[in-house]
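> To start, I am sharing the structure in question, which I have written as structure tokens.
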Amino acid sequence: MMVLEFFIWGAWLPLIFGYLPSLGFTEGQQSWILSAFPIAAIVGMFFSNQFADRNFSAEKFMAFSHLIGGLSILGLAFIKAPAPLAGLVAGQGNPAAPFWPFFLLMMIHCLFYVPTISIANSISFAHMKDAQKQFGIVRMGGTIGWILAAWPFTFILVDWGKVAAAKPQGLVPWLGTVLENGLTGQALQDATKWTFIVAGIASLILAAFSLTLPHTPARKVEQGPASAKFAWLEATKLLAIPFILVLWIITFVDSTILNLYFNWTGRFLGTPIAEGGTGIPGNWIMPVMSVGQIAEMLTMLILGATLKRLGWRKTMILGILGHALRFAVYSYFPHNKGLIIAIQLIHGVCYAFFFATVYIFVDEFFPKDARSSAQGLFNLMILGFGPLLANYMGPKLIGTTFMQANGMVDFKNMFLIPCVAAIVAAIALALFFRPPKSKAEPVGSPALAH
């Protein structure tokens, strides 16, 4: 389940940030399309945790959602810009792809896909005996899925014309020629539509597979005050607890930083060295970014032991500081391909030590009847408001604020913004996050209000 769940997302996300400008969409339109995912996460806070969780079995909800979401994202592959008008200079005045069909299909996909992330977590936790030991291993399946989504594109995004012209003899020479001739420029952008096709097929497969998952029945609320029937309202009351509010706000900051990484890294890696980038061939951009997921998979294996040794706060601080280190390397060593590829390994620390830890923390410290609501509360930041801000800032910063007169992006100063933000967030977490020493005290007790 986790492999397929994150394969879908990993197939289309890394390259969409460079694909949208090639369709002729304005910065504002790009922001709206990219914001479909976080908007869906905000809607999902109310739908998946209030309606879906309490009216449908989790596995059937997964099946239906991935059926609709898969068909929607498949449709994106067939929306393209019209042929350039005669007499127009490339990139100047050429007609753009139709915005509204693209945006609506992306919105439909996200509205059905995003809630399944929380539902997948709920299914996992419902059938675990020891979440702190087992969730890292199960969630590692998602990391594997993201990696599997990236590597096939080393063979999809290839300039096969150059391969044929080279006439390599034998399997090894042929393979080397293929890997050395990634698509570039407009050809790369045109072929990026295959990311939506691959994602759509994976979604349809998961729709069928979901029907084989362990039965996880709907959670009905029959009695209690009216507010108890609204999971999202109960979840917001948790913010009255100081350490929960602190963690919630820092989660927002860290999620914004993470999504700026996704917004900018693909374009940064593919930009030629002469223009301030790293100069990674087009068919290697996704595999290079997937190095981080390989590290994430390894980090997940040691997450339980790390939590026991360092505790919640120190583990989370390391996760946040990982972002600062990665953006510092981007800023000061942009042309060092070896170092840029190596620093992708820090992604495992960034994700597992903070975001996965937050999920486990919620499951450990919240009463059973409040866990799903609390997971949704933090997903509101991780998948909603954080990405929403990043997808608003990302296109503007890279397309306007740090775009120089010569058409090159000032990557150095741009990357320093999330670098400094990560350092500030880590300091804030160290100073103000004071969780209870034992989960024996239920969240909401008087002892936790101080």
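Letters for chains follow the order of the structure tokens (A, B, ...), residue numbers begin at 1 for each chain, and ligand numbers begin at 1 in the order shown.
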Looking only at the backbone, which of the residues in stretch 194-432 of chain A does DSSP tag as alpha helix (DSSP H), as a PyMOL selection string?

chain A and resi 194-210+231-237+242-270+285-332+337-343+347-350+357-365+371-379+386-396+411-432

> Could the residues in this selection be written to a file with C-alpha atoms, as a compact mmCIF listing (two decimals), in the first residue's frame?


# COMPACT_ATOMS: atom_id res chain seq x y z
CA TRP A 194 4.76 10.79 -19.26
CA THR A 195 5.05 11.53 -15.54
CA PHE A 196 1.26 11.95 -15.44
CA ILE A 197 0.67 8.77 -17.41
CA VAL A 198 2.87 6.73 -15.07
CA ALA A 199 1.21 8.29 -12.00
CA GLY A 200 -2.26 7.58 -13.36
CA ILE A 201 -1.52 3.92 -14.07
CA ALA A 202 -0.09 3.47 -10.57
CA SER A 203 -3.20 5.07 -9.07
CA LEU A 204 -5.50 2.67 -10.90
CA ILE A 205 -3.40 -0.27 -9.72
CA LEU A 206 -3.68 0.94 -6.11
CA ALA A 207 -7.44 1.34 -6.52
CA ALA A 208 -7.69 -2.39 -7.24
CA PHE A 209 -5.09 -3.36 -4.62
CA SER A 210 -6.88 -1.39 -1.89
CA ALA A 231 -13.32 15.72 14.51
CA TRP A 232 -11.74 18.85 13.12
CA LEU A 233 -13.29 21.01 15.87
CA GLU A 234 -11.99 18.68 18.56
CA ALA A 235 -8.56 18.74 16.91
CA THR A 236 -8.30 22.54 16.98
CA LYS A 237 -8.89 22.50 20.76
CA PRO A 242 1.43 25.14 24.54
CA PHE A 243 3.81 22.42 23.32
CA ILE A 244 1.26 21.28 20.71
CA LEU A 245 0.88 24.84 19.40
CA VAL A 246 4.66 25.29 19.22
CA LEU A 247 5.12 22.05 17.31
CA TRP A 248 2.22 22.90 14.99
CA ILE A 249 3.72 26.27 14.03
CA ILE A 250 7.22 24.86 13.53
CA THR A 251 5.71 22.08 11.41
CA PHE A 252 4.27 24.82 9.18
CA VAL A 253 7.69 26.45 8.78
CA ASP A 254 9.49 23.17 8.12
CA SER A 255 6.85 22.08 5.60
CA THR A 256 7.25 25.36 3.73
CA ILE A 257 11.02 24.85 3.60
CA LEU A 258 10.63 21.27 2.38
CA ASN A 259 8.30 22.31 -0.42
CA LEU A 260 10.61 25.11 -1.53
CA TYR A 261 13.18 22.34 -2.00
CA PHE A 262 10.80 20.53 -4.35
CA ASN A 263 9.84 23.80 -6.08
CA TRP A 264 13.38 24.75 -6.95
CA THR A 265 15.65 21.71 -6.99
CA GLY A 266 14.61 20.22 -10.34
CA ARG A 267 15.17 23.50 -12.16
CA PHE A 268 18.39 24.16 -10.26
CA LEU A 269 19.84 20.75 -11.12
CA GLY A 270 18.93 21.05 -14.80
CA ILE A 285 17.23 14.90 -12.47
CA MET A 286 14.63 12.60 -10.88
CA PRO A 287 17.15 9.85 -10.04
CA VAL A 288 19.48 12.40 -8.43
CA MET A 289 16.61 13.71 -6.30
CA SER A 290 15.64 10.13 -5.43
CA VAL A 291 19.04 9.68 -3.72
CA GLY A 292 17.38 11.51 -0.85
CA GLN A 293 14.64 8.91 -0.68
CA ILE A 294 17.22 6.11 -0.60
CA ALA A 295 18.75 7.80 2.43
CA GLU A 296 15.26 8.27 3.88
CA MET A 297 14.68 4.54 3.62
CA LEU A 298 17.86 3.85 5.62
CA THR A 299 17.02 6.56 8.13
CA MET A 300 13.59 5.06 8.74
CA LEU A 301 15.28 1.84 9.82
CA ILE A 302 17.13 3.62 12.62
CA LEU A 303 14.35 6.05 13.54
CA GLY A 304 13.08 3.99 16.47
CA ALA A 305 16.55 3.63 17.98
CA THR A 306 17.27 7.33 17.40
CA LEU A 307 14.10 8.37 19.21
CA LYS A 308 14.95 6.21 22.19
CA ARG A 309 18.50 7.61 22.36
CA LEU A 310 17.96 11.31 21.58
CA GLY A 311 14.33 11.89 22.46
CA TRP A 312 11.66 13.77 20.53
CA ARG A 313 13.09 17.30 20.57
CA LYS A 314 16.69 16.54 19.60
CA THR A 315 15.58 14.19 16.82
CA MET A 316 13.29 16.86 15.36
CA ILE A 317 15.98 19.55 15.60
CA LEU A 318 18.37 17.38 13.57
CA GLY A 319 15.65 16.97 10.94
CA ILE A 320 15.17 20.73 10.60
CA LEU A 321 18.89 21.52 10.52
CA GLY A 322 19.25 19.05 7.65
CA HIS A 323 17.37 21.55 5.46
CA ALA A 324 19.75 24.33 6.46
CA LEU A 325 22.77 22.25 5.50
CA ARG A 326 21.31 21.23 2.14
CA PHE A 327 20.39 24.78 1.11
CA ALA A 328 23.78 26.07 2.29
CA VAL A 329 25.49 23.61 -0.06
CA TYR A 330 23.14 24.65 -2.89
CA SER A 331 24.01 28.27 -2.25
CA TYR A 332 27.80 28.07 -1.96
CA LYS A 337 28.04 17.94 -8.97
CA GLY A 338 29.47 15.36 -6.61
CA LEU A 339 28.66 17.42 -3.53
CA ILE A 340 25.21 18.41 -4.81
CA ILE A 341 24.36 14.75 -5.41
CA ALA A 342 25.82 13.72 -2.04
CA ILE A 343 23.85 16.34 -0.10
CA HIS A 347 16.80 14.31 2.80
CA GLY A 348 16.42 11.12 4.81
CA VAL A 349 17.28 13.00 7.99
CA CYS A 350 15.05 15.94 7.01
CA THR A 357 8.67 11.67 14.08
CA VAL A 358 5.73 14.09 14.30
CA TYR A 359 3.36 11.35 13.12
CA ILE A 360 4.71 8.91 15.69
CA PHE A 361 4.66 11.55 18.44
CA VAL A 362 0.96 12.20 17.79
CA ASP A 363 0.16 8.49 17.88
CA GLU A 364 2.13 8.04 21.11
CA PHE A 365 0.78 10.97 23.14
CA ARG A 371 -5.36 10.44 17.21
CA SER A 372 -6.95 10.60 13.79
CA SER A 373 -8.03 14.19 14.41
CA ALA A 374 -4.55 15.11 15.63
CA GLN A 375 -2.95 13.46 12.58
CA GLY A 376 -5.23 15.57 10.41
CA LEU A 377 -4.33 18.70 12.38
CA PHE A 378 -0.64 18.25 11.60
CA ASN A 379 -1.33 17.14 8.03
CA GLY A 386 3.14 24.79 4.27
CA PRO A 387 2.99 23.74 0.61
CA LEU A 388 0.44 26.49 -0.08
CA LEU A 389 2.88 29.19 1.03
CA ALA A 390 5.80 27.49 -0.75
CA ASN A 391 3.85 27.19 -4.00
CA TYR A 392 2.93 30.86 -3.80
CA MET A 393 6.45 32.03 -2.97
CA GLY A 394 8.41 29.56 -5.12
CA PRO A 395 7.37 30.69 -8.64
CA LYS A 396 7.54 34.36 -7.65
CA PHE A 411 20.34 30.82 -6.90
CA LYS A 412 22.87 31.69 -4.19
CA ASN A 413 20.85 34.37 -2.43
CA MET A 414 17.54 32.65 -3.11
CA PHE A 415 18.63 29.45 -1.33
CA LEU A 416 19.81 31.42 1.70
CA ILE A 417 16.19 32.30 2.55
CA PRO A 418 15.06 28.75 3.48
CA CYS A 419 18.51 28.07 4.96
CA VAL A 420 18.13 30.87 7.52
CA ALA A 421 14.47 29.98 8.13
CA ALA A 422 15.47 26.41 9.03
CA ILE A 423 18.08 27.61 11.53
CA VAL A 424 15.55 29.92 13.21
CA ALA A 425 12.96 27.11 13.38
CA ALA A 426 15.48 24.73 14.98
CA ILE A 427 16.34 27.33 17.63
CA ALA A 428 12.65 27.94 18.34
CA LEU A 429 12.03 24.20 18.73
CA ALA A 430 14.96 23.90 21.14
CA LEU A 431 13.72 26.78 23.28
CA PHE A 432 9.96 26.35 23.34

> Do you know which residues are at most 12 Å from A:Ala165 counting only C-alpha atoms, after dropping those on the same chain fewer than 3 positions away, and could you put them as a PyMOL selection string?

chain A and resi 159-162+168-169+174+177-178+181

> Can those selected residues be exported to a file as a compact mmCIF listing (two decimals), in the first residue's frame so that it contains C-alpha atoms?


# COMPACT_ATOMS: atom_id res chain seq x y z
CA ASP A 159 16.94 11.39 -26.81
CA TRP A 160 16.49 8.17 -28.75
CA GLY A 161 17.46 9.90 -31.98
CA LYS A 162 20.99 10.44 -30.66
CA PRO A 168 26.24 1.35 -30.10
CA GLN A 169 27.25 -2.29 -30.43
CA TRP A 174 24.02 0.69 -25.70
CA THR A 177 24.76 5.67 -24.69
CA VAL A 178 21.19 5.74 -23.39
CA ASN A 181 21.78 11.17 -23.83

> Go through A:Met107, A:Ala274, A:Leu380, A:Ile147 one by one, measure the shortest atom-to-atom distance of each to A:His335 using only C-alpha atoms, and give the residue with the smallest value.

A:Ala274

> Tell me which protein, DNA and RNA residues are within 7 Å of A:Phe6, counting only C-alpha atoms, leaving out same-chain ones fewer than 6 positions away, and put them as a compact mmCIF listing (two decimals) with N, CA and C atoms, in the first residue's frame.


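Saved file out_15.txt follows:
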# COMPACT_ATOMS: atom_id res chain seq x y z
N GLY A 142 6.75 3.62 1.45
CA GLY A 142 6.48 4.83 0.69
C GLY A 142 7.74 5.41 0.07
N GLY A 145 8.60 3.43 -2.88
CA GLY A 145 7.71 3.79 -3.98
C GLY A 145 8.17 5.05 -4.69
N TRP A 146 8.60 6.05 -3.91
CA TRP A 146 9.08 7.30 -4.50
C TRP A 146 10.33 7.05 -5.35

> Give me the residues within 10 Å of A:Ile68 as a list of chain:residue names, counting only C-alpha atoms and dropping any in the same chain fewer than 3 places off.

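Final neighbour list, sorted by chain and number: A:Ala63, A:Phe64, A:Ser65, A:Leu71, A:Ser72, A:Ile73, A:Ile108, A:His109, A:Leu111, A:Phe112, A:Tyr113, A:Gly200, A:Ser203, A:Leu204, A:Ala207.
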
> Rounded to one decimal place, report the atom CA of A:Met128-atom CA of A:Pro214 distance in Å.

11.7 Å

> Would you compute the distance between atom CA of A:Phe385 and atom CA of A:Phe355? Give it in Å to one decimal.

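Interatomic distance, atom CA of A:Phe385 to atom CA of A:Phe355: 14.7 Å.
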
> Select, from A:Pro436, A:Gly75, A:Gly277, A:Gly399, the residue with the minimum atom-to-atom distance to A:Phe102, counting only C-alpha atoms.

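The shortest atom-to-atom distance to A:Phe102 comes from A:Gly75.
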
> How many Å separate atom CA of A:Gly276 from atom CA of A:Met408?

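Atom-to-atom, atom CA of A:Gly276 and atom CA of A:Met408 are spaced 7.1 Å apart.
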
> A:Pro334, A:Pro98, A:Pro435, A:Pro14: which is nearest A:Gly282, counting only C-alpha atoms?

A:Pro14
